[in-house]
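Pasting model-v5.txt here (compact mmCIF, C-alpha atoms and all ligand atoms):
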```txt
# COMPACT_ATOMS: atom_id res chain seq x y z
CA MET A 1 0.00 0.00 0.00
CA GLN A 2 1.08 3.56 -0.65
CA ARG A 3 1.67 6.02 2.15
CA ALA A 4 2.35 9.76 1.85
CA VAL A 5 4.12 12.05 4.29
CA LYS A 6 4.70 15.78 4.45
CA ILE A 7 7.77 16.85 6.39
CA ARG A 8 8.70 20.36 7.44
CA LEU A 9 12.05 21.57 6.19
CA LEU A 10 14.66 23.63 7.99
CA PRO A 11 16.50 25.15 5.03
CA THR A 12 19.50 27.46 5.17
CA LYS A 13 19.19 30.95 3.70
CA GLU A 14 20.94 29.77 0.52
CA GLN A 15 18.63 26.78 0.19
CA GLU A 16 15.60 28.95 0.67
CA ILE A 17 16.75 31.21 -2.17
CA LEU A 18 17.16 28.12 -4.33
CA PHE A 19 13.65 26.95 -3.36
CA TRP A 20 12.19 30.23 -4.56
CA LYS A 21 14.17 30.01 -7.81
CA SER A 22 12.98 26.43 -8.33
CA ALA A 23 9.35 27.30 -7.71
CA GLY A 24 9.71 30.21 -10.14
CA THR A 25 11.24 27.90 -12.75
CA ALA A 26 8.44 25.35 -12.36
CA ARG A 27 5.89 28.11 -12.88
CA TRP A 28 7.80 29.44 -15.89
CA ALA A 29 7.96 25.94 -17.47
CA TYR A 30 4.24 25.42 -16.94
CA ASN A 31 3.41 28.71 -18.60
CA TYR A 32 5.98 28.16 -21.36
CA PHE A 33 4.31 24.92 -22.41
CA LEU A 34 0.88 26.54 -22.51
CA THR A 35 2.21 29.38 -24.66
CA ALA A 36 4.05 27.01 -27.01
CA ASN A 37 0.95 24.90 -27.35
CA GLU A 38 -1.23 27.90 -28.16
CA GLN A 39 1.25 29.05 -30.78
CA ALA A 40 1.37 25.60 -32.38
CA TYR A 41 -2.43 25.36 -32.34
CA LYS A 42 -2.68 28.64 -34.27
CA GLU A 43 -0.29 27.26 -36.85
CA GLY A 44 -2.34 24.10 -37.14
CA ARG A 45 0.31 21.88 -35.50
CA ARG A 46 0.33 19.73 -32.46
CA ILE A 47 3.20 19.57 -30.04
CA THR A 48 4.01 17.12 -27.29
CA ASP A 49 5.46 17.84 -23.87
CA GLY A 50 8.52 15.80 -24.86
CA GLU A 51 9.22 18.13 -27.78
CA VAL A 52 8.93 21.20 -25.61
CA ARG A 53 11.20 19.74 -22.94
CA LYS A 54 13.81 18.84 -25.54
CA TYR A 55 13.71 22.34 -26.99
CA ILE A 56 14.12 23.90 -23.56
CA THR A 57 17.01 21.60 -22.63
CA ASN A 58 18.87 21.63 -25.94
CA VAL A 59 18.31 25.21 -27.03
CA LEU A 60 17.07 27.58 -24.35
CA LYS A 61 19.12 26.20 -21.47
CA LYS A 62 22.30 26.58 -23.51
CA THR A 63 21.60 30.06 -24.85
CA THR A 64 19.13 32.55 -23.46
CA HIS A 65 17.90 30.68 -20.37
CA THR A 66 21.13 29.58 -18.73
CA TRP A 67 19.57 30.20 -15.30
CA LEU A 68 17.77 26.88 -15.80
CA LYS A 69 21.07 25.24 -14.86
CA GLU A 70 20.86 26.62 -11.34
CA VAL A 71 17.93 24.43 -10.29
CA GLY A 72 17.32 20.67 -10.30
CA SER A 73 16.69 19.04 -13.68
CA ASN A 74 13.28 17.75 -12.65
CA VAL A 75 11.92 21.20 -11.83
CA MET A 76 11.45 22.25 -15.47
CA LYS A 77 10.58 18.74 -16.71
CA GLN A 78 7.79 18.30 -14.22
CA GLY A 79 6.49 21.84 -14.78
CA VAL A 80 6.02 21.03 -18.47
CA LYS A 81 4.53 17.63 -17.69
CA ASP A 82 2.04 19.16 -15.27
CA ALA A 83 0.94 21.68 -17.89
CA ASN A 84 0.52 18.90 -20.45
CA LEU A 85 -1.51 16.87 -17.97
CA ALA A 86 -3.78 19.85 -17.33
CA LEU A 87 -4.15 20.32 -21.08
CA GLN A 88 -4.99 16.65 -21.68
CA ARG A 89 -7.62 16.83 -18.96
CA TYR A 90 -9.10 19.85 -20.71
CA ILE A 91 -9.10 18.08 -24.08
CA LYS A 92 -10.84 15.06 -22.56
CA GLY A 93 -13.41 17.36 -20.98
CA ILE A 94 -12.48 16.41 -17.42
CA SER A 95 -11.54 19.93 -16.33
CA GLY A 96 -11.51 23.52 -17.50
CA LYS A 97 -8.97 25.17 -19.74
CA PRO A 98 -5.60 25.42 -17.95
CA LYS A 99 -4.76 28.96 -16.92
CA PHE A 100 -1.39 30.61 -16.75
CA LYS A 101 0.12 30.50 -13.30
CA SER A 102 0.52 33.96 -11.85
CA ARG A 103 3.32 34.88 -9.51
CA ARG A 104 0.92 36.00 -6.83
CA LYS A 105 -1.83 33.44 -6.87
CA SER A 106 -0.31 30.14 -7.86
CA LYS A 107 0.77 27.50 -5.40
CA ILE A 108 4.46 27.65 -4.64
CA SER A 109 5.85 24.20 -5.31
CA PHE A 110 8.30 22.25 -7.42
CA TYR A 111 9.49 18.69 -7.93
CA VAL A 112 12.71 17.14 -6.75
CA ASN A 113 14.52 14.44 -8.69
CA TYR A 114 13.47 11.19 -7.02
CA GLU A 115 16.41 9.15 -8.30
CA SER A 116 19.04 11.14 -6.44
CA LEU A 117 16.97 11.86 -3.33
CA VAL A 118 18.61 10.14 -0.39
CA ARG A 119 17.66 10.04 3.26
CA ARG A 120 20.19 11.47 5.69
CA PRO A 121 20.27 11.24 9.51
CA ASN A 122 19.06 14.82 9.94
CA GLY A 123 17.25 15.33 6.64
CA PHE A 124 17.74 14.42 3.02
CA GLN A 125 20.03 15.09 0.11
CA GLY A 126 18.54 16.31 -3.15
CA GLU A 127 19.83 17.31 -6.56
CA LYS A 128 21.42 20.79 -6.41
CA LEU A 129 20.00 21.26 -2.90
CA GLY A 130 22.73 19.61 -0.85
CA VAL A 131 21.63 18.25 2.52
CA VAL A 132 18.37 19.85 3.60
CA LYS A 133 17.61 19.54 7.29
CA THR A 134 14.11 18.46 8.28
CA ALA A 135 12.07 18.92 11.46
CA THR A 136 11.32 15.19 11.58
CA ALA A 137 13.16 12.29 9.99
CA LEU A 138 12.11 10.86 6.63
CA PRO A 139 10.63 7.35 6.81
CA LYS A 140 13.24 4.62 6.40
CA LEU A 141 12.89 2.60 3.21
CA PRO A 142 14.19 -0.90 2.50
CA LYS A 143 17.42 -1.02 0.52
CA GLY A 144 17.06 -0.10 -3.14
CA ARG A 145 13.65 1.51 -2.71
CA LYS A 146 13.00 5.12 -3.71
CA TYR A 147 10.60 7.76 -2.52
CA ALA A 148 7.98 8.48 -5.14
CA ASN A 149 6.79 11.84 -6.37
CA PRO A 150 8.94 14.05 -4.11
CA HIS A 151 8.05 17.71 -4.19
CA ILE A 152 8.72 20.78 -2.11
CA SER A 153 6.06 23.36 -1.31
CA PHE A 154 5.63 26.54 0.71
CA ASP A 155 2.59 27.32 2.86
CA GLY A 156 3.33 30.97 3.55
CA LYS A 157 5.41 30.21 6.59
CA HIS A 158 7.29 26.96 6.18
CA TRP A 159 8.70 24.80 3.42
CA TYR A 160 7.71 21.12 3.23
CA LEU A 161 8.85 18.01 1.45
CA SER A 162 6.07 15.63 0.38
CA VAL A 163 6.92 12.08 -0.64
CA SER A 164 5.01 8.87 -1.01
CA TYR A 165 6.40 5.39 -0.64
CA GLU A 166 5.36 1.79 -0.72
CA VAL A 167 4.83 -0.04 2.56
CA GLU A 168 4.48 -3.75 2.66
CA GLN A 169 1.78 -5.31 4.71
CA LYS A 170 3.40 -7.71 7.14
CA LYS A 171 2.21 -11.28 7.00
CA VAL A 172 1.36 -11.97 10.61
CA GLU A 173 -0.94 -14.37 12.34
CA LEU A 174 -3.30 -12.36 14.51
CA THR A 175 -4.64 -13.63 17.83
CA GLY A 176 -8.33 -13.00 17.17
CA GLU A 177 -8.46 -10.84 20.27
CA SER A 178 -9.91 -7.36 20.59
CA VAL A 179 -8.07 -4.81 22.73
CA GLY A 180 -9.34 -1.51 24.06
CA ILE A 181 -7.17 1.54 24.62
CA ASP A 182 -8.28 4.22 27.03
CA LEU A 183 -6.32 7.44 26.58
CA GLY A 184 -6.03 9.82 29.49
CA VAL A 185 -4.06 12.32 31.48
CA LYS A 186 -3.30 10.33 34.61
CA GLU A 187 -1.91 7.47 32.57
CA LEU A 188 -1.24 8.03 28.87
CA ALA A 189 -2.90 4.77 27.92
CA VAL A 190 -4.52 1.82 29.61
CA VAL A 191 -4.71 -1.23 27.38
CA SER A 192 -6.80 -4.31 28.02
CA ASN A 193 -8.24 -7.29 26.21
CA GLN A 194 -11.87 -8.41 26.52
CA ASP A 195 -11.61 -10.52 29.69
CA ALA A 196 -8.93 -8.31 31.25
CA SER A 197 -6.51 -11.23 31.36
CA ARG A 198 -3.86 -9.01 29.81
CA THR A 199 -3.78 -5.38 30.84
CA LYS A 200 -1.08 -2.79 30.69
CA PHE A 201 -0.69 0.76 32.00
CA TYR A 202 1.50 3.13 30.02
CA LYS A 203 2.74 6.08 32.02
CA ASN A 204 2.30 9.74 31.25
CA ILE A 205 5.80 10.77 30.21
CA ASN A 206 5.06 14.38 31.15
CA LYS A 207 5.12 13.37 34.78
CA SER A 208 8.63 11.98 34.52
CA ALA A 209 11.52 13.78 36.21
CA LYS A 210 13.32 14.18 32.90
CA VAL A 211 10.46 16.01 31.19
CA ARG A 212 9.75 18.11 34.26
CA ARG A 213 13.38 19.18 34.42
CA LEU A 214 13.35 20.17 30.73
CA GLU A 215 10.09 22.07 31.12
CA LYS A 216 11.50 24.00 34.05
CA LYS A 217 14.56 24.82 31.98
CA LEU A 218 12.32 25.96 29.15
CA ARG A 219 10.29 28.26 31.39
CA ARG A 220 13.49 29.78 32.73
CA ALA A 221 14.84 30.30 29.19
CA GLN A 222 11.58 31.94 28.14
CA ARG A 223 11.68 34.32 31.09
CA LYS A 224 15.26 35.18 30.31
CA ALA A 225 14.37 35.90 26.68
CA SER A 226 11.57 38.26 27.60
CA ARG A 227 13.84 40.06 30.04
CA LYS A 228 16.42 40.53 27.30
CA LEU A 229 13.75 41.89 25.00
CA GLU A 230 12.59 44.24 27.74
CA ALA A 231 16.12 45.51 28.30
CA ASN A 232 16.51 46.22 24.61
CA SER A 233 13.36 48.32 24.35
CA LYS A 234 13.82 51.79 25.73
CA SER A 235 10.30 53.07 25.25
CA ARG A 236 6.97 52.38 23.62
CA ASP A 237 5.21 54.01 20.70
CA LYS A 238 1.64 55.26 20.76
CA ASN A 239 0.33 51.73 20.16
CA HIS A 240 2.29 50.53 23.20
CA ARG A 241 4.64 48.58 21.03
CA PRO A 242 8.25 48.73 22.18
CA ILE A 243 10.73 50.80 20.20
CA TRP A 244 13.89 48.74 19.88
CA LYS A 245 17.26 50.35 20.41
CA ARG A 246 18.70 48.18 17.68
CA PRO A 247 17.00 46.07 15.01
CA LEU A 248 16.07 42.81 16.67
CA ARG A 249 17.83 40.64 14.14
CA GLU A 250 21.11 42.28 15.15
CA CYS A 251 20.76 41.36 18.77
CA ARG A 252 22.98 38.37 19.13
CA ASN A 253 22.07 37.63 22.72
CA ILE A 254 18.36 37.53 21.91
CA GLN A 255 18.97 35.30 18.92
CA ARG A 256 21.08 32.98 21.02
CA GLN A 257 18.38 32.81 23.63
CA ASN A 258 15.71 32.04 21.02
CA LYS A 259 17.83 29.26 19.64
CA ALA A 260 18.17 27.74 23.10
CA ILE A 261 14.37 27.86 23.46
CA ARG A 262 13.82 26.18 20.10
CA LEU A 263 16.25 23.42 21.04
CA LEU A 264 14.45 22.78 24.31
CA HIS A 265 11.12 22.59 22.48
CA LYS A 266 12.60 20.12 20.04
CA LYS A 267 14.03 17.97 22.84
CA LEU A 268 10.63 17.80 24.51
CA THR A 269 8.85 16.99 21.26
CA ASP A 270 11.33 14.21 20.52
CA ILE A 271 10.89 12.66 23.96
CA ARG A 272 7.09 12.74 23.68
CA ASN A 273 7.04 11.31 20.16
CA ASN A 274 9.52 8.56 21.01
CA HIS A 275 7.36 7.57 23.94
CA LEU A 276 4.33 7.27 21.66
CA HIS A 277 6.30 5.27 19.11
CA GLN A 278 7.45 2.81 21.75
CA ILE A 279 3.93 2.24 23.04
CA THR A 280 2.18 1.95 19.68
CA ALA A 281 4.88 -0.46 18.46
CA GLU A 282 4.48 -2.56 21.59
CA ILE A 283 0.70 -2.74 21.18
CA VAL A 284 0.76 -3.91 17.56
CA LYS A 285 3.39 -6.51 18.45
CA THR A 286 0.84 -8.27 20.66
CA LYS A 287 -0.97 -8.90 17.33
CA PRO A 288 -4.60 -8.42 18.30
CA SER A 289 -7.16 -8.67 15.48
CA GLN A 290 -8.86 -5.48 16.53
CA ILE A 291 -7.95 -2.29 18.37
CA VAL A 292 -10.73 -0.10 19.76
CA MET A 293 -10.12 3.52 20.74
CA GLU A 294 -12.44 6.31 21.71
CA ASP A 295 -13.58 8.86 19.18
CA LEU A 296 -11.86 11.64 21.07
CA ASN A 297 -13.60 14.90 21.49
CA VAL A 298 -10.30 16.68 22.01
CA LYS A 299 -11.80 20.06 21.18
CA GLY A 300 -14.38 19.62 23.90
CA MET A 301 -11.73 18.52 26.36
CA MET A 302 -9.50 21.44 25.47
CA LYS A 303 -12.20 23.83 26.66
CA ASN A 304 -11.36 22.83 30.19
CA LYS A 305 -8.48 25.21 30.88
CA HIS A 306 -6.84 23.12 33.56
CA LEU A 307 -6.88 20.04 31.41
CA SER A 308 -6.10 21.56 28.03
CA LYS A 309 -2.36 21.99 28.60
CA ALA A 310 -1.98 18.49 29.97
CA ILE A 311 -3.98 17.07 27.06
CA ALA A 312 -2.02 18.97 24.42
CA LYS A 313 1.19 17.49 25.81
CA GLN A 314 -0.20 13.98 25.62
CA LYS A 315 -0.59 14.27 21.83
CA PHE A 316 -3.62 12.01 21.50
CA TYR A 317 -4.01 12.77 17.80
CA GLU A 318 -0.43 11.73 17.19
CA PHE A 319 -0.99 8.57 19.22
CA LYS A 320 -4.01 7.65 17.14
CA ARG A 321 -2.24 8.48 13.90
CA GLN A 322 0.65 6.19 14.80
CA MET A 323 -1.70 3.49 16.05
CA LYS A 324 -3.66 3.54 12.80
CA TYR A 325 -0.78 3.28 10.39
CA LYS A 326 1.08 0.66 12.42
CA ALA A 327 -2.08 -1.40 12.76
CA GLU A 328 -2.59 -1.15 9.01
CA MET A 329 0.88 -2.60 8.48
CA TYR A 330 -0.08 -5.67 10.51
CA GLY A 331 -3.55 -5.93 9.03
CA ILE A 332 -5.14 -5.10 12.39
CA LYS A 333 -8.60 -3.53 12.28
CA VAL A 334 -8.87 -0.18 14.08
CA VAL A 335 -12.28 0.81 15.42
CA GLU A 336 -13.27 4.14 16.87
CA ALA A 337 -16.03 3.76 19.41
CA ASP A 338 -18.98 6.09 19.08
CA ARG A 339 -18.59 9.32 21.06
CA PHE A 340 -21.68 8.45 23.10
CA TYR A 341 -20.53 4.97 24.02
CA ALA A 342 -20.37 5.10 27.84
CA SER A 343 -16.99 3.40 28.20
CA SER A 344 -16.30 5.01 31.56
CA LYS A 345 -19.75 4.74 33.17
CA THR A 346 -20.51 1.13 32.23
CA CYS A 347 -19.49 -1.67 34.59
CA SER A 348 -17.17 -3.93 32.61
CA HIS A 349 -18.29 -6.86 34.75
CA CYS A 350 -22.10 -6.73 34.69
CA GLY A 351 -22.98 -3.94 32.26
CA HIS A 352 -24.66 -1.65 34.78
CA ILE A 353 -24.42 2.02 33.82
CA LYS A 354 -23.41 4.24 36.71
CA LYS A 355 -24.86 7.63 35.81
CA ASP A 356 -23.35 9.57 38.72
CA LEU A 357 -19.71 8.64 38.05
CA LYS A 358 -17.61 11.77 38.66
CA LEU A 359 -14.41 12.72 36.90
CA SER A 360 -12.70 12.60 40.29
CA ASP A 361 -13.73 8.98 40.93
CA ARG A 362 -10.49 7.22 40.12
CA THR A 363 -11.85 3.82 41.08
CA TYR A 364 -14.96 2.32 39.56
CA VAL A 365 -17.13 0.68 42.20
CA CYS A 366 -20.23 -1.06 40.84
CA PRO A 367 -23.32 -0.70 43.09
CA VAL A 368 -24.91 -3.79 41.46
CA CYS A 369 -22.26 -6.51 41.25
CA GLY A 370 -19.67 -4.97 43.55
CA ALA A 371 -16.86 -4.97 41.01
CA LYS A 372 -14.07 -2.63 42.05
CA LEU A 373 -11.33 -1.63 39.62
CA ASP A 374 -9.33 1.26 38.21
CA ARG A 375 -11.55 3.67 36.33
CA ASP A 376 -9.41 3.76 33.17
CA LEU A 377 -8.94 0.00 33.13
CA ASN A 378 -12.71 -0.40 33.35
CA ALA A 379 -13.03 1.87 30.31
CA ALA A 380 -10.36 -0.04 28.38
CA ILE A 381 -12.16 -3.37 29.00
CA ASN A 382 -15.42 -1.84 27.81
CA LEU A 383 -13.72 -0.58 24.68
CA ALA A 384 -12.26 -4.03 24.01
CA ASN A 385 -15.84 -5.37 24.18
CA TYR A 386 -17.24 -2.65 21.94
CA LYS A 387 -19.57 -4.05 19.31
CA THR A 388 -19.58 -2.36 15.94
CA ALA A 389 -23.02 -1.75 14.53
ZN ZN B 401 -21.25 -4.38 37.86
```

Give the structure from this file in structure tokens form.
Ligand SMILES: [Zn+2]
Amino acid sequence: MQRAVKIRLLPTKEQEILFWKSAGTARWAYNYFLTANEQAYKEGRRITDGEVRKYITNVLKKTTHTWLKEVGSNVMKQGVKDANLALQRYIKGISGKPKFKSRRKSKISFYVNYESLVRRPNGFQGEKLGVVKTATALPKLPKGRKYANPHISFDGKHWYLSVSYEVEQKKVELTGESVGIDLGVKELAVVSNQDASRTKFYKNINKSAKVRRLEKKLRRAQRKASRKLEANSKSRDKNHRPIWKRPLRECRNIQRQNKAIRLLHKKLTDIRNNHLHQITAEIVKTKPSQIVMEDLNVKGMMKNKHLSKAIAKQKFYEFKRQMKYKAEMYGIKVVEADRFYASSKTCSHCGHIKKDLKLSDRTYVCPVCGAKLDRDLNAAINLANYKTA
């Protein structure tokens, strides 16, 4: 099966300039093909994208358009191909007549040569681009495999690399079991099978000493940065904005402080993501046939101010994203229980629904059968027993 990822890039100034040039070239090639085609049409001829590409490479690139050499070879090629594709779609009546791409309105993107694109420990290497650092690592591919359709785009703030690649479904014998996962703040995840014979509690990494120490460091660094900013502003204008003594970008000490803050943020993100990867990998390795999770109403939960920070740090969406794609690799079915399924209030032993269960009740005590167990474990068992309609 094919999977696609979009990874944020951390380009150098020089690379960013090259990105802009490449995007400009792709746009130029797109428009050039449309113009050439119109011209040919008027003269009663037909041209192919191959012809146009050859003309650009063999004539223009060597004479009047030598700047084409500055960017990757695929940038122009793919620009022409895209224009031809749009034209073919128009001819077949699938879409409207392709328009020229304007500098202001068109999407800023261009293709990277897939043959020479190689993964590197802190990013990737691409034709003419050198090693481009990325915010997260590219997925590892088996030897000899290539990323398909790599392209770089700009969203107004950041640059991204999009690639797709083939993932093989693992041939594994599944156990036939259903497991429920209850996500929370006290524990990150409580996992159980239907009869609770195998249960596991995964800790909330944000309560660990390591994370707490880093967060404290981060708060201190942020305070220090704002003090430095304060010291640099002598007075405020009529809109109460500070007037800086020197342009901010010249202030080395502020820059240094901001870099330290970014690094701390990155460290924390890495720790949290690694924790999620470990857990989701461990869960799929138990090879259940089905995984049931709640349909999280994260937005609703985030409204609670005290909880929202703690929930954001738990990265539930990321957990579910990882869980889904790893399960898919094993052929495990992932089910999201209906939002109104009372996984917390139902007794996992007798099915009684305890309407007055409070958020502060950490232990579930059933007034009917007397079952007494951890609240989140009770929810996980109920999720494992969830019946799809
Ligand atoms: Zn009960």

In the coordinates of the file, take the point (16.1, 20.9, -11.7) and a cut-off of 8 Å; then, counting only C-alpha atoms, name each qualifying protein, DNA or RNA residue as number ranges by chain. A: 22, 68-77, 111-113, 127-128

Give me, as a CSV table (one decimal) with C-alpha atoms, keeping the file's coordinate frame, all polymer residues having an atom no more than 8 Å from stretch 179-189 of chain A, counting only C-alpha atoms and skipping those fewer than 3 positions away in the same chain.
```csv
chain,number,residue,atom,x,y,z
A,192,SER,CA,-6.8,-4.3,28.0
A,193,ASN,CA,-8.2,-7.3,26.2
A,194,GLN,CA,-11.9,-8.4,26.5
A,201,PHE,CA,-0.7,0.8,32.0
A,202,TYR,CA,1.5,3.1,30.0
A,203,LYS,CA,2.7,6.1,32.0
A,204,ASN,CA,2.3,9.7,31.2
A,205,ILE,CA,5.8,10.8,30.2
A,288,PRO,CA,-4.6,-8.4,18.3
A,290,GLN,CA,-8.9,-5.5,16.5
A,291,ILE,CA,-8.0,-2.3,18.4
A,292,VAL,CA,-10.7,-0.1,19.8
A,293,MET,CA,-10.1,3.5,20.7
A,294,GLU,CA,-12.4,6.3,21.7
A,310,ALA,CA,-2.0,18.5,30.0
A,311,ILE,CA,-4.0,17.1,27.1
A,314,GLN,CA,-0.2,14.0,25.6
A,316,PHE,CA,-3.6,12.0,21.5
A,376,ASP,CA,-9.4,3.8,33.2
A,377,LEU,CA,-8.9,0.0,33.1
A,379,ALA,CA,-13.0,1.9,30.3
A,380,ALA,CA,-10.4,0.0,28.4
A,381,ILE,CA,-12.2,-3.4,29.0
A,382,ASN,CA,-15.4,-1.8,27.8
A,383,LEU,CA,-13.7,-0.6,24.7
A,384,ALA,CA,-12.3,-4.0,24.0
A,385,ASN,CA,-15.8,-5.4,24.2
```

Any residue with an atom at most 12 Å from ligand ZN 401 (chain B) counts, using all atoms listed in the file. Which are they? Put them as number ranges by chain. A: 345-354, 364-373, 378, 382

Within 8 Å of stretch 322-339 of chain A, counting all atoms listed in the file, which residues qualify if same-chain residues fewer than 6 places away don't, as a VMD selection string? chain A and resid 167 to 172 174 276 to 277 280 to 281 284 287 to 297 383 386 388

Given only C-alpha atoms as the basis, pick out the residue of A:Ser197, A:Thr136, A:Asn239, A:Gln257 nearest to A:Ser226. A:Gln257

With distances taken over only C-alpha atoms, which of A:Leu268, A:Tyr147, A:Arg262, A:Arg236 is nearest to A:Arg213? A:Leu268

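The two atoms in question, atom CA of A:Asn58 and atom CA of A:Gly24, are spaced 20.2 Å apart.
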
Residue contacts of A:Leu34 (9 Å, only C-alpha atoms) excluding same-chain residues fewer than 4 positions away, as an NGL selection string: :A and (29-30 or 38-39 or 80 or 83-84 or 87 or 98-100)

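What separates atom CA of A:Gly123 from atom CA of A:Asn258 is a distance of 22.1 Å.
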
For atom CA of A:Val191 and atom CA of A:Ser308, determine how far apart the two atoms are, in Å to one decimal place.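 Separating atom CA of A:Val191 from atom CA of A:Ser308 is a distance of 22.8 Å.
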
So, with only C-alpha atoms as the atoms that count, which of A:Lys200, A:Arg227, A:Arg256, A:His265 lies closest to A:Glu215?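 The shortest atom-to-atom distance to A:Glu215 comes from A:His265.
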
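Residue nearest A:Ile152 within the list A:Gln125, A:Ser360, A:Ser343, A:Ser109: A:Ser109 [criterion: smallest interatomic distance, only C-alpha atoms].
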